[in-house]
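Asks: Hey, dropping my_file_22.cif in here, mmCIF, C-alpha atoms:
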data_target
#
loop_
_atom_site.label_atom_id
_atom_site.label_comp_id
_atom_site.auth_asym_id
_atom_site.auth_seq_id
_atom_site.Cartn_x
_atom_site.Cartn_y
_atom_site.Cartn_z
CA MET X 1 21.99 -32.23 23.92
CA ILE X 2 19.39 -31.31 21.33
CA ILE X 3 18.22 -28.26 23.27
CA ILE X 4 21.83 -27.09 23.69
CA ALA X 5 22.40 -27.40 19.95
CA GLU X 6 19.18 -25.46 19.28
CA PHE X 7 20.31 -22.80 21.75
CA PHE X 8 23.54 -22.21 19.82
CA VAL X 9 21.56 -22.08 16.56
CA VAL X 10 19.35 -19.40 18.12
CA ILE X 11 22.44 -17.41 19.15
CA LEU X 12 23.75 -17.58 15.58
CA LYS X 13 20.38 -16.44 14.21
CA VAL X 14 20.27 -13.53 16.67
CA LEU X 15 23.77 -12.45 15.67
CA TRP X 16 22.80 -12.75 12.01
CA ALA X 17 19.74 -10.57 12.66
CA PHE X 18 22.01 -7.90 14.18
CA LEU X 19 24.36 -8.07 11.19
CA THR X 20 21.57 -7.78 8.61
CA ALA X 21 19.96 -4.92 10.54
CA GLY X 22 23.31 -3.11 10.67
CA ALA X 23 23.88 -3.70 6.97
CA LYS X 24 20.61 -1.94 6.18
CA TRP X 25 22.01 1.21 7.81
CA ILE X 26 24.90 1.11 5.34
CA VAL X 27 23.26 -0.29 2.20
CA ARG X 28 19.77 1.07 1.71
CA PRO X 29 17.35 -1.75 0.80
CA LYS X 30 15.51 -1.52 -2.50
CA GLU X 31 11.99 -0.16 -2.23
CA LYS X 32 9.19 -2.42 -3.41
CA SER X 33 6.64 -1.34 -5.99
CA VAL X 34 3.06 -0.70 -4.91
CA ALA X 35 1.78 0.28 -8.36
CA GLY X 36 -1.68 -1.12 -8.96
CA GLN X 37 -2.05 -2.33 -5.38
CA VAL X 38 -5.08 -1.30 -3.34
CA CYS X 39 -4.06 0.86 -0.38
CA LEU X 40 -6.66 1.76 2.26
CA ILE X 41 -5.92 4.68 4.58
CA THR X 42 -8.06 5.55 7.61
CA GLY X 43 -8.19 9.19 8.69
CA ALA X 44 -7.24 10.24 5.17
CA GLY X 45 -9.00 13.60 5.30
CA SER X 46 -6.17 15.53 6.93
CA GLY X 47 -2.77 15.39 8.62
CA LEU X 48 -0.59 12.34 8.12
CA GLY X 49 -3.39 10.43 6.41
CA ARG X 50 -3.58 12.99 3.61
CA LEU X 51 0.20 12.95 3.18
CA PHE X 52 0.26 9.14 3.07
CA ALA X 53 -2.39 9.26 0.34
CA LYS X 54 -0.29 11.65 -1.74
CA GLU X 55 2.85 9.54 -1.32
CA PHE X 56 1.10 6.33 -2.37
CA ALA X 57 -0.52 8.17 -5.29
CA ARG X 58 2.94 9.18 -6.54
CA ARG X 59 3.74 5.46 -6.56
CA ARG X 60 0.61 4.72 -8.60
CA ALA X 61 -1.26 2.78 -5.95
CA ILE X 62 -5.06 2.53 -6.06
CA LEU X 63 -6.25 4.62 -3.10
CA VAL X 64 -9.19 3.88 -0.82
CA LEU X 65 -9.69 6.81 1.54
CA TRP X 66 -11.70 6.55 4.75
CA ASP X 67 -12.61 9.51 6.91
CA ILE X 68 -15.50 10.63 9.07
CA ASN X 69 -15.46 14.04 7.34
CA SER X 70 -16.75 13.74 3.77
CA GLN X 71 -15.60 17.20 2.66
CA SER X 72 -11.99 16.90 3.81
CA ASN X 73 -11.84 13.35 2.44
CA GLU X 74 -12.93 14.59 -0.98
CA GLU X 75 -10.31 17.34 -0.81
CA THR X 76 -7.66 14.68 -0.29
CA ALA X 77 -9.09 12.67 -3.19
CA GLU X 78 -8.87 15.73 -5.45
CA MET X 79 -5.19 16.15 -4.54
CA VAL X 80 -4.64 12.48 -5.38
CA ARG X 81 -6.38 12.87 -8.74
CA GLN X 82 -4.14 15.82 -9.54
CA ILE X 83 -1.07 13.67 -8.81
CA TYR X 84 -2.46 10.91 -11.03
CA HIS X 85 -3.02 13.47 -13.79
CA GLU X 86 0.58 14.67 -13.54
CA LEU X 87 1.78 11.08 -13.82
CA ASP X 88 -0.48 10.41 -16.78
CA THR X 89 2.13 10.24 -19.56
CA PRO X 90 1.77 7.93 -22.58
CA VAL X 91 4.05 4.91 -22.86
CA THR X 92 5.43 3.67 -26.18
CA LYS X 93 6.52 0.21 -27.21
CA ASP X 94 7.62 -1.53 -30.38
CA GLY X 95 4.71 -2.33 -32.66
CA PRO X 96 4.06 -5.68 -34.31
CA VAL X 97 5.48 -4.55 -37.66
CA GLY X 98 8.56 -2.77 -36.44
CA GLY X 99 6.80 0.52 -35.79
CA VAL X 100 6.08 2.21 -32.49
CA GLU X 101 2.64 2.25 -30.92
CA GLU X 102 1.36 4.27 -28.03
CA VAL X 103 0.09 2.29 -25.05
CA PRO X 104 -2.42 3.94 -22.73
CA PRO X 105 -0.86 4.18 -19.27
CA PHE X 106 -2.31 2.31 -16.32
CA GLN X 107 -4.96 4.49 -14.72
CA PRO X 108 -5.01 4.17 -10.93
CA GLN X 109 -8.14 5.42 -9.21
CA VAL X 110 -9.13 6.87 -5.88
CA TYR X 111 -12.24 5.88 -3.93
CA THR X 112 -13.66 7.77 -0.97
CA TYR X 113 -15.85 6.43 1.81
CA VAL X 114 -17.33 8.12 4.86
CA CYS X 115 -16.56 5.79 7.75
CA ASP X 116 -16.51 6.30 11.49
CA VAL X 117 -13.84 3.82 12.56
CA GLY X 118 -15.04 4.32 16.12
CA LYS X 119 -18.16 2.34 15.23
CA ARG X 120 -17.63 -1.35 14.59
CA GLU X 121 -20.69 -1.68 12.34
CA SER X 122 -19.52 1.23 10.19
CA VAL X 123 -16.11 -0.40 9.70
CA TYR X 124 -17.52 -3.78 8.69
CA SER X 125 -20.21 -2.39 6.36
CA THR X 126 -17.77 0.01 4.66
CA ALA X 127 -15.21 -2.79 4.29
CA GLU X 128 -17.83 -4.87 2.49
CA LYS X 129 -18.50 -1.96 0.13
CA VAL X 130 -14.77 -1.69 -0.61
CA ARG X 131 -14.50 -5.39 -1.43
CA ARG X 132 -17.53 -5.14 -3.71
CA GLU X 133 -16.60 -1.88 -5.50
CA VAL X 134 -12.80 -1.90 -5.49
CA GLY X 135 -11.53 -5.37 -4.63
CA GLU X 136 -9.34 -6.83 -1.92
CA VAL X 137 -7.05 -4.52 0.05
CA ASP X 138 -3.30 -5.10 -0.27
CA ILE X 139 -2.05 -2.39 2.10
CA LEU X 140 -3.92 -1.28 5.22
CA ILE X 141 -2.79 1.95 6.89
CA ASN X 142 -4.39 2.27 10.34
CA ASN X 143 -3.84 5.99 10.76
CA ALA X 144 -7.02 7.54 12.21
CA GLY X 145 -6.52 9.08 15.63
CA VAL X 146 -8.07 11.53 18.10
CA VAL X 147 -7.09 13.22 21.35
CA SER X 148 -9.47 14.44 24.05
CA GLY X 149 -7.29 17.23 25.42
CA HIS X 150 -8.41 16.97 29.05
CA HIS X 151 -6.79 16.05 32.33
CA LEU X 152 -8.01 12.65 33.47
CA LEU X 153 -10.30 13.91 36.26
CA GLU X 154 -11.77 16.58 33.99
CA CYS X 155 -12.30 14.32 30.98
CA PRO X 156 -15.85 13.08 30.31
CA ASP X 157 -16.09 9.30 30.17
CA GLU X 158 -17.45 9.37 26.64
CA LEU X 159 -14.33 11.19 25.39
CA ILE X 160 -12.07 8.62 27.07
CA GLU X 161 -14.06 5.85 25.41
CA ARG X 162 -13.90 7.66 22.06
CA THR X 163 -10.11 7.96 22.28
CA MET X 164 -9.69 4.28 23.11
CA VAL X 165 -12.08 3.13 20.40
CA VAL X 166 -10.67 5.25 17.54
CA ASN X 167 -6.98 4.95 18.44
CA CYS X 168 -6.95 1.29 19.44
CA HIS X 169 -10.13 -0.77 19.02
CA ALA X 170 -10.59 0.34 15.41
CA HIS X 171 -7.34 -1.45 14.52
CA PHE X 172 -8.92 -4.73 15.60
CA TRP X 173 -11.97 -4.16 13.40
CA THR X 174 -10.17 -3.01 10.23
CA THR X 175 -7.70 -5.88 10.57
CA LYS X 176 -10.48 -8.44 11.09
CA ALA X 177 -12.17 -7.06 7.98
CA PHE X 178 -9.19 -7.34 5.61
CA LEU X 179 -6.71 -9.81 7.11
CA PRO X 180 -8.57 -13.04 6.13
CA LYS X 181 -7.97 -12.46 2.40
CA MET X 182 -4.36 -11.48 3.07
CA LEU X 183 -3.89 -14.78 4.89
CA GLU X 184 -5.52 -16.68 2.06
CA LEU X 185 -3.22 -15.08 -0.52
CA ASN X 186 -0.22 -14.81 1.84
CA HIS X 187 0.16 -11.26 0.60
CA GLY X 188 -0.41 -7.87 2.21
CA HIS X 189 0.95 -5.16 4.45
CA ILE X 190 -0.53 -3.72 7.64
CA VAL X 191 0.78 -0.41 8.96
CA THR X 192 0.05 0.88 12.45
CA VAL X 193 0.53 4.62 12.85
CA ALA X 194 1.07 4.89 16.60
CA SER X 195 3.18 7.41 18.52
CA SER X 196 6.23 7.73 20.72
CA LEU X 197 3.62 8.18 23.47
CA GLY X 198 2.81 4.52 22.96
CA LEU X 199 6.38 3.66 23.96
CA PHE X 200 6.82 6.07 26.85
CA SER X 201 4.24 8.36 28.41
CA THR X 202 3.86 11.79 29.94
CA ALA X 203 1.43 13.54 32.26
CA GLY X 204 -1.98 14.82 31.28
CA VAL X 205 -2.79 12.55 28.33
CA GLU X 206 -3.54 9.28 30.08
CA ASP X 207 -6.27 8.24 27.64
CA TYR X 208 -4.16 8.99 24.57
CA CYS X 209 -1.10 7.18 25.92
CA ALA X 210 -3.20 4.16 26.93
CA SER X 211 -4.76 3.99 23.46
CA LYS X 212 -1.37 4.13 21.73
CA PHE X 213 0.17 1.58 24.11
CA GLY X 214 -2.79 -0.64 23.24
CA ALA X 215 -2.34 -0.13 19.50
CA ILE X 216 1.35 -1.06 19.76
CA GLY X 217 0.56 -4.12 21.85
CA PHE X 218 -2.01 -5.22 19.27
CA HIS X 219 0.45 -4.67 16.44
CA GLU X 220 3.27 -6.60 18.10
CA SER X 221 1.02 -9.52 19.05
CA LEU X 222 -0.38 -9.72 15.52
CA SER X 223 3.17 -9.64 14.12
CA HIS X 224 4.07 -12.64 16.28
CA GLU X 225 0.89 -14.44 15.24
CA LEU X 226 1.74 -14.01 11.55
CA LYS X 227 5.25 -15.33 12.18
CA ALA X 228 3.86 -18.30 14.12
CA SER X 229 1.52 -19.00 11.18
CA GLU X 230 4.51 -18.78 8.79
CA LYS X 231 2.74 -16.16 6.70
CA ASP X 232 5.91 -14.42 5.53
CA GLY X 233 4.13 -12.76 2.63
CA ILE X 234 2.31 -10.39 5.00
CA SER X 235 4.43 -7.49 6.27
CA MET X 236 3.86 -5.39 9.38
CA THR X 237 5.24 -1.90 9.98
CA LEU X 238 4.89 0.08 13.21
CA VAL X 239 5.27 3.87 12.92
CA CYS X 240 6.16 5.71 16.15
CA PRO X 241 6.88 9.40 15.55
CA TYR X 242 7.73 12.01 18.14
CA LEU X 243 5.43 15.04 18.35
CA VAL X 244 4.29 15.91 14.81
CA ASP X 245 3.37 19.47 13.89
CA THR X 246 -0.16 18.71 12.62
CA GLY X 247 -1.96 20.86 15.18
CA MET X 248 -3.24 17.89 17.17
CA PHE X 249 -1.07 18.84 20.15
CA LYS X 250 -0.84 22.56 19.49
CA GLY X 251 0.83 24.34 22.42
CA CYS X 252 2.82 21.33 23.65
CA ARG X 253 6.24 22.60 24.81
CA ILE X 254 9.35 21.06 26.32
CA ARG X 255 12.13 23.07 28.01
CA LYS X 256 12.98 26.07 25.83
CA GLU X 257 16.74 25.37 25.91
CA ILE X 258 16.12 21.81 24.68
CA GLU X 259 13.40 22.60 22.14
CA PRO X 260 15.80 23.62 19.31
CA PHE X 261 17.33 20.15 19.50
CA LEU X 262 13.94 18.36 19.65
CA PRO X 263 11.50 20.48 17.66
CA PRO X 264 8.13 19.10 16.54
CA LEU X 265 8.50 17.01 13.40
CA LYS X 266 7.40 18.35 10.05
CA PRO X 267 4.55 16.11 8.86
CA GLU X 268 6.12 15.72 5.42
CA PHE X 269 9.40 14.48 6.92
CA CYS X 270 7.58 12.08 9.21
CA VAL X 271 5.61 10.53 6.34
CA LYS X 272 8.64 10.27 4.05
CA GLN X 273 10.51 8.36 6.78
CA ALA X 274 7.49 6.13 7.31
CA MET X 275 7.15 5.50 3.56
CA ARG X 276 10.77 4.42 3.35
CA ALA X 277 10.13 1.93 6.15
CA ILE X 278 6.91 0.63 4.57
CA LEU X 279 8.41 0.19 1.11
CA THR X 280 11.40 -1.72 2.49
CA ASP X 281 9.25 -3.88 4.81
CA GLN X 282 10.93 -2.42 7.90
CA PRO X 283 9.15 -3.75 11.02
CA MET X 284 9.37 -0.50 13.00
CA ILE X 285 10.32 3.13 12.45
CA CYS X 286 10.82 5.70 15.20
CA THR X 287 11.33 9.32 14.21
CA PRO X 288 13.69 10.88 15.19
CA ARG X 289 16.14 8.10 16.03
CA ILE X 290 16.60 9.36 19.58
CA VAL X 291 13.18 7.80 20.31
CA TYR X 292 14.85 4.38 20.11
CA MET X 293 17.32 5.44 22.79
CA VAL X 294 14.68 6.92 25.08
CA ASN X 295 12.60 3.74 24.81
CA PHE X 296 15.65 1.61 25.65
CA MET X 297 16.60 3.79 28.62
CA LYS X 298 13.05 3.61 29.94
CA SER X 299 13.38 -0.18 29.96
CA ILE X 300 16.58 -0.28 32.03
CA LEU X 301 16.55 2.80 34.28
CA PRO X 302 14.77 3.08 37.64
CA PHE X 303 11.50 5.03 37.52
CA GLU X 304 12.91 7.86 39.67
CA ALA X 305 15.76 8.26 37.17
CA ILE X 306 13.21 8.59 34.37
CA VAL X 307 11.37 11.25 36.40
CA CYS X 308 14.61 13.21 36.83
CA MET X 309 15.26 13.09 33.08
CA TYR X 310 11.70 14.16 32.30
CA ARG X 311 12.02 17.16 34.63
CA PHE X 312 15.35 18.16 33.11
CA LEU X 313 13.90 18.01 29.58
CA GLY X 314 10.65 19.68 30.59
CA ALA X 315 8.80 16.59 29.34
CA ASP X 316 7.00 15.99 32.64
CA LYS X 317 4.53 18.83 32.05
CA CYS X 318 5.00 19.35 28.31
CA MET X 319 1.31 18.74 27.62
CA TYR X 320 0.03 21.25 30.17
CA PRO X 321 0.10 24.29 27.81
CA PHE X 322 -1.75 22.22 25.19
CA LEU X 323 -4.37 21.16 27.75
CA ALA X 324 -4.75 24.77 28.95
CA GLN X 325 -5.31 25.97 25.38
CA ARG X 326 -7.92 23.30 24.75
CA LYS X 327 -9.72 24.18 27.99
CA GLU X 328 -9.68 27.89 27.14
CA ALA X 329 -10.99 27.21 23.63
CA MET X 330 -13.77 25.03 25.03
CA ASN X 331 -14.75 27.72 27.58
CA ASN X 332 -14.82 30.36 24.84
CA ASN X 333 -17.07 28.16 22.70
CA GLU X 334 -19.41 27.60 25.62
CA ALA X 335 -19.50 31.35 26.29
CA LYS X 336 -20.35 32.08 22.65
CA ASN X 337 -23.08 29.47 22.66
CA GLY X 338 -24.43 30.98 25.87
CA ILE X 339 -24.66 34.38 24.22
#
Write out the structure in this file as structure tokens.
Replies:
Amino acid sequence: MIIIAEFFVVILKVLWAFLTAGAKWIVRPKEKSVAGQVCLITGAGSGLGRLFAKEFARRRAILVLWDINSQSNEETAEMVRQIYHELDTPVTKDGPVGGVEEVPPFQPQVYTYVCDVGKRESVYSTAEKVRREVGEVDILINNAGVVSGHHLLECPDELIERTMVVNCHAHFWTTKAFLPKMLELNHGHIVTVASSLGLFSTAGVEDYCASKFGAIGFHESLSHELKASEKDGISMTLVCPYLVDTGMFKGCRIRKEIEPFLPPLKPEFCVKQAMRAILTDQPMICTPRIVYMVNFMKSILPFEAIVCMYRFLGADKCMYPFLAQRKEAMNNNEAKNGI
């Protein structure tokens, strides 16, 4: 009898979850403040990482930027400092004797670190520097990512390993570095920047898809572990965008008649959608929304039906032009070096 009663309670909770999720589509949840909180972003030197840094800077967060490229990381930091400068307006309050006194505004800062997240020792040593020089991290954005750009049988083993390590294994190491203090304080937010290719795959990018599937699996398992530990003060957000126009997959094309309806996402739009999800503690954000539908259909349709849909959309070989461009560029570089 007890298990039957619990079963009905579970049904009610599931229905309530549907209702609250639906309500959020109608009434937009209030965004939380991240002012003064320490936000660490991996792969901050370019692409989505740079845009995330600028968005958090506008919200007066303290930025910790990690990238393997020192120059591009410093360029991002300079953009962040410019945003801080624009926000640097004096605040006034009533003085002790009825007058008005000017209060210096809070001055957020930006810190840059050269870190190869593909190397475990580099992650742990840099994390220790951050704790010593900045303090504990409140928000961790696991954003760094790479792509090899080779067909499986043409891809050197070291590039496959690099893709897996940077796109997936690094999430384990950064999380192990900063999660203990979050657990102690029951406060924090971990964001996994994955991809729609971690939900459903395509031909020619086996290593990339595997790494993103792994990152999503890690994220979901960690989310369940935090729930099982009843650490409700730590939020998790999974970001799964469709193809983003950052140049990483330059040349990727779906069927030309379909492309106007599913163009590559503008990076700025992608990050703004992700920021809305992060600041409202949304567990997952897929951009555009059709990604939710495709993921659901993949779960219920026979594999041959999925293949038919891929062929109709031109998604079965959408990466082939990208791979051909990468191969041509590599051959040209080798030819130049030979000369």
Asks: Counting all atoms listed in the file, find residues at most 8 Å from (-8.7, 13.2, 33.1) (file frame) and give them as a PyMOL selection string.
Replies: chain X and resi 150-156+204-207
Asks: Please write the residues picked by the PyMOL selection byres ((chain X and resi 178-184) around 12) on this file as a PyMOL selection string.
Replies: chain X and resi 38-40+123-124+126-128+130-131+135-142+171-177+185-190+222+225-227+229-236
Asks: Spell out the residues picked by the PyMOL selection byres ((chain X and resi 84) around 8) here, as a ChimeraX atom specification.
Replies: /X:57-58,60,80-83,85-88,107-108
Asks: Taking the file as shown, what set of residues would the PyMOL selection byres ((chain X and resi 327) around 12) give back, as a ChimeraX atom specification?
Replies: /X:148-151,154-155,251,320-326,328-334
Asks: Taking (9.9, 3.7, 11.6) as a centre in this file's frame and 7 Å as the limit, can you find every polymer residue with an atom that close, using all atoms listed in the file, and give them as a CSV table (one decimal) with C-alpha atoms, keeping the file's coordinate frame?
Replies:
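Listed below is the output, selection24.csv:
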chain,number,residue,atom,x,y,z
X,238,LEU,CA,4.9,0.1,13.2
X,239,VAL,CA,5.3,3.9,12.9
X,240,CYS,CA,6.2,5.7,16.2
X,273,GLN,CA,10.5,8.4,6.8
X,274,ALA,CA,7.5,6.1,7.3
X,277,ALA,CA,10.1,1.9,6.2
X,284,MET,CA,9.4,-0.5,13.0
X,285,ILE,CA,10.3,3.1,12.4
X,286,CYS,CA,10.8,5.7,15.2
X,287,THR,CA,11.3,9.3,14.2
Asks: Between CA of Ile160 (chain X) and CA of Arg253 (chain X), what is the distance in Å, rounded to a tenth?
Replies: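 We find that CA of Ile160 (chain X) and CA of Arg253 (chain X) lie 23.1 Å from each other.
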Asks: Considering only C-alpha atoms, return as a VMD selection string whatever protein or nucleic-acid residues lie within 7 Å of Asp116 (chain X), sequence-local ones (same chain, fewer than 3 positions apart) excluded.
Replies: chain X and resid 67 to 68 119 122 to 123
Asks: In Å, how far is it from CA of His224 (chain X) to CA of Thr237 (chain X)?
Replies: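 Computing it gives 12.5 Å between the two atoms.
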